[in-house]
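Asker: Here it is, the structure in full.
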Amino acid sequence: MADGDPPGGTPRDVVVFGVVISALSVGLAIVHLIWPGLRIDAVTLALLVVAVVPWLGRIFASVELPGGWKLEYREFKRTVERELTEKQQQVRDLSQRIDRVEQFVFTGDAAPERATRLRGVLEAFQEYLAGLGYRSEAPLPRIHIGPLDDAAISSVYSDTNAFYYGARNLIVVGRSLADDPSVLLREYSHHILDDLAPGAAGNWTSGGITDAASIHSALADYLPCSFQDDPCFGRAAAGAQRCLRDLSLVVRADSVDGDRHTPQQAGWVWASAFWEIRAGVGAAVLDPVLLDGWRHYPAVTSPEGAAAALIDRIVEAFPEAGNAFANRGLRSI
């Protein structure tokens, strides 16, 4: 029933239509009385019928005309609506297919089966990131496995190293790490984090515990582990060590000193805190907050101030997170 229709009564548009038809009929009768000699030819009558017939669908399901013609109004309406819905779905499907046209490109020691396997992992990781609210128009990085004949890259390449070269939108993975998806996902996470907060990790690069590069590294460890639901980062690459970094451990800030004072080791402290918080609130709740926190990483005058602001942001969302930071010596920053 339309708004304003009387309960159990006739729909308003039908009543209005009836009034209009009655008024028109009375008007024609008056015209006939005043001008009895006025004649309506067949063409005029046909035009009047054409004008009225479309509106009969408000009253009748169908109208039969002389000669066997039958107009099924309501069925016609349903058919049009159904076809329109199908066309809209086809447009959505086409749009989704277009979105998936761009694929990760592998070069170097990337046999077809290896490239297919790793591409599948990356695409699944993209879906996970999309679920966290990440959308980007940035081109996908090229992924090269093995040494590269490039002076700027060959100096830092080794078979046991992997890195993201942002200036060329390039991920380079050492041969011995190529079959560990978490390593590739870590480097792709660097690309994502740089896209979210361009230049943030370059603000301070001393490798200190509060350095933006350390937190950048922490998220690059944490996101692949959370996606895989496994706190062991670099399981396949670690060999006998079991993990390159185990996020389930309580890694304290005061353990990061001397030659271990690097973004990766300092980041481990943060990543282990994130993992403890995740255990309490769940990945679906925490991960979007972490990604958004990095997207809005505070531009302040000191790394200590930026790190403290990030902690405050997380603790404001999850008060229980304060213990995870305190247990690692981070809350006193």
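Residue numbering restarts at 1 in every chain; chains get A, B, ... in the order shown in the structure tokens, and ligands count up from 1 in that same order.
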For Ser189 (chain A), find every residue with an atom within 9 Å (counting only C-alpha atoms), except residues of its own chain fewer than 4 positions away, and show them as a PyMOL selection string.

Answerer: chain A and resi 184-185+193-194+219-221+223-224

Asker: Residues at most 12 Å from Asp292 (chain A), counting only C-alpha atoms, excluding those fewer than 3 positions away in the same chain, as a list in words?

Answerer: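 Everything that qualifies: Leu129, Leu132, Gly133, Tyr134, Leu193, Leu196, Ala197, Leu219, Val285, Leu286, Asp287, Pro288, Val289, Arg295, His296, Tyr297, Pro298, Leu310, Arg313, Ile314 and Ala317 of chain A.
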
Asker: Take the residues from that selection and put them in a file with N, CA and C atoms, as a PDB file, in the first residue's frame.

Answerer:
ATOM      1  N   LEU A 129      44.120  -7.001   2.709  1.00  0.00           N
ATOM      2  CA  LEU A 129      44.333  -5.566   2.893  1.00  0.00           C
ATOM      3  C   LEU A 129      43.092  -4.765   2.509  1.00  0.00           C
ATOM      4  N   LEU A 132      40.782  -4.497   5.195  1.00  0.00           N
ATOM      5  CA  LEU A 132      41.187  -3.542   6.229  1.00  0.00           C
ATOM      6  C   LEU A 132      40.913  -2.104   5.808  1.00  0.00           C
ATOM      7  N   GLY A 133      40.428  -1.940   4.579  1.00  0.00           N
ATOM      8  CA  GLY A 133      40.123  -0.596   4.093  1.00  0.00           C
ATOM      9  C   GLY A 133      41.185  -0.004   3.197  1.00  0.00           C
ATOM     10  N   TYR A 134      42.176  -0.822   2.793  1.00  0.00           N
ATOM     11  CA  TYR A 134      43.241  -0.289   1.945  1.00  0.00           C
ATOM     12  C   TYR A 134      42.831  -0.337   0.482  1.00  0.00           C
ATOM     13  N   LEU A 193      52.954   0.327   2.907  1.00  0.00           N
ATOM     14  CA  LEU A 193      53.147   1.327   3.959  1.00  0.00           C
ATOM     15  C   LEU A 193      53.697   2.631   3.389  1.00  0.00           C
ATOM     16  N   LEU A 196      50.774   4.366   1.865  1.00  0.00           N
ATOM     17  CA  LEU A 196      49.863   4.943   2.857  1.00  0.00           C
ATOM     18  C   LEU A 196      50.414   6.229   3.467  1.00  0.00           C
ATOM     19  N   ALA A 197      51.696   6.233   3.769  1.00  0.00           N
ATOM     20  CA  ALA A 197      52.312   7.400   4.422  1.00  0.00           C
ATOM     21  C   ALA A 197      53.645   7.690   3.738  1.00  0.00           C
ATOM     22  N   LEU A 219      55.405  -3.265  11.310  1.00  0.00           N
ATOM     23  CA  LEU A 219      54.164  -3.516  10.576  1.00  0.00           C
ATOM     24  C   LEU A 219      54.411  -4.432   9.376  1.00  0.00           C
ATOM     25  N   VAL A 285      39.672  -6.680  14.406  1.00  0.00           N
ATOM     26  CA  VAL A 285      39.482  -5.413  15.121  1.00  0.00           C
ATOM     27  C   VAL A 285      40.769  -4.593  15.126  1.00  0.00           C
ATOM     28  N   LEU A 286      41.884  -5.252  15.402  1.00  0.00           N
ATOM     29  CA  LEU A 286      43.146  -4.530  15.555  1.00  0.00           C
ATOM     30  C   LEU A 286      43.750  -4.082  14.230  1.00  0.00           C
ATOM     31  N   ASP A 287      43.770  -4.950  13.242  1.00  0.00           N
ATOM     32  CA  ASP A 287      44.537  -4.672  12.025  1.00  0.00           C
ATOM     33  C   ASP A 287      44.100  -3.392  11.309  1.00  0.00           C
ATOM     34  N   PRO A 288      42.794  -3.109  11.184  1.00  0.00           N
ATOM     35  CA  PRO A 288      42.422  -1.828  10.561  1.00  0.00           C
ATOM     36  C   PRO A 288      42.917  -0.624  11.356  1.00  0.00           C
ATOM     37  N   VAL A 289      42.957  -0.744  12.680  1.00  0.00           N
ATOM     38  CA  VAL A 289      43.425   0.364  13.519  1.00  0.00           C
ATOM     39  C   VAL A 289      44.920   0.596  13.298  1.00  0.00           C
ATOM     40  N   ARG A 295      48.717   5.223   8.517  1.00  0.00           N
ATOM     41  CA  ARG A 295      48.263   6.183   7.500  1.00  0.00           C
ATOM     42  C   ARG A 295      48.312   7.608   8.054  1.00  0.00           C
ATOM     43  N   HIS A 296      48.022   7.746   9.333  1.00  0.00           N
ATOM     44  CA  HIS A 296      48.026   9.063   9.974  1.00  0.00           C
ATOM     45  C   HIS A 296      49.203   9.197  10.939  1.00  0.00           C
ATOM     46  N   TYR A 297      50.322   8.564  10.583  1.00  0.00           N
ATOM     47  CA  TYR A 297      51.476   8.620  11.481  1.00  0.00           C
ATOM     48  C   TYR A 297      51.839  10.079  11.731  1.00  0.00           C
ATOM     49  N   PRO A 298      51.915  10.477  12.993  1.00  0.00           N
ATOM     50  CA  PRO A 298      52.058  11.908  13.310  1.00  0.00           C
ATOM     51  C   PRO A 298      53.376  12.502  12.830  1.00  0.00           C
ATOM     52  N   LEU A 310      51.440   7.322  18.569  1.00  0.00           N
ATOM     53  CA  LEU A 310      50.889   6.084  18.010  1.00  0.00           C
ATOM     54  C   LEU A 310      50.399   5.164  19.128  1.00  0.00           C
ATOM     55  N   ARG A 313      47.175   6.411  20.493  1.00  0.00           N
ATOM     56  CA  ARG A 313      46.070   6.148  19.566  1.00  0.00           C
ATOM     57  C   ARG A 313      45.562   4.717  19.722  1.00  0.00           C
ATOM     58  N   ILE A 314      46.499   3.781  19.854  1.00  0.00           N
ATOM     59  CA  ILE A 314      46.116   2.371  19.985  1.00  0.00           C
ATOM     60  C   ILE A 314      45.477   2.110  21.344  1.00  0.00           C
ATOM     61  N   ALA A 317      41.931   3.175  21.619  1.00  0.00           N
ATOM     62  CA  ALA A 317      40.992   2.225  21.013  1.00  0.00           C
ATOM     63  C   ALA A 317      40.878   0.951  21.841  1.00  0.00           C
TER      64      ALA A 317
END

Asker: What residues in region 164-273 of chain A get the DSSP label strand (DSSP E)? Please answer as a PyMOL selection string.

Answerer: chain A and resi 164-165+170-173+232-233+245-246

Asker: For Ala273 (chain A), which residue out of A:Cys232, A:Ala237, A:Ala321, A:Ala138 is the nearest one, using only C-alpha atoms?

Answerer: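 Answer, going by the shortest atom-to-atom distance: A:Ala321.
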
Asker: Taking 6 positions as the minimum chain separation for residues in the same chain, which residues sit within 9 Å of Val256 (chain A) when counting only C-alpha atoms? Answer as a PyMOL selection string.

Answerer: chain A and resi 208-209+262+265-266+269

Asker: DSSP on the backbone, then: every residue of region 78-181 of chain A marked helix (DSSP H, G or I), written as a PyMOL selection string.

Answerer: chain A and resi 78-99+112-131+151-154+166-168+175-177+181

Asker: Nearest residue to Gly329 (chain A) out of A:Cys225, A:Ala115, A:Val251, A:Ile30, using only C-alpha atoms?

Answerer: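 Of A:Cys225, A:Ala115, A:Val251, A:Ile30, the one nearest Gly329 (chain A) is A:Val251, counting only C-alpha atoms.
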
Asker: Any idea what the distance is between CA of Arg278 (chain A) and CA of Glu304 (chain A)?

Answerer: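 Interatomic distance, CA of Arg278 (chain A) to CA of Glu304 (chain A): 23.6 Å.
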
Asker: In terms of the shortest atom-to-atom distance over only C-alpha atoms, which of A:Glu81, A:Glu113, A:Glu123, A:Glu320 is closest to Leu140 (chain A)?

Answerer: A:Glu123

Asker: Here is a test: counting only C-alpha atoms, which residue of A:Thr116, A:Thr85, A:Gln241, A:Ser217 is nearest to Ile192 (chain A)?

Answerer: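 Checking each of A:Thr116, A:Thr85, A:Gln241, A:Ser217 against Ile192 (chain A), counting only C-alpha atoms, the winner is A:Ser217.
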
Asker: CA of Arg119 (chain A) to CA of Gln264 (chain A): how many Å, to one decimal?

Answerer: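 Computing it gives 25.2 Å between the two atoms.
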
Asker: Provide the CA of Tyr188 (chain A) to CA of Ser155 (chain A) distance in Å, to one decimal place.

Answerer: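 Separation between CA of Tyr188 (chain A) and CA of Ser155 (chain A): 21.0 Å.
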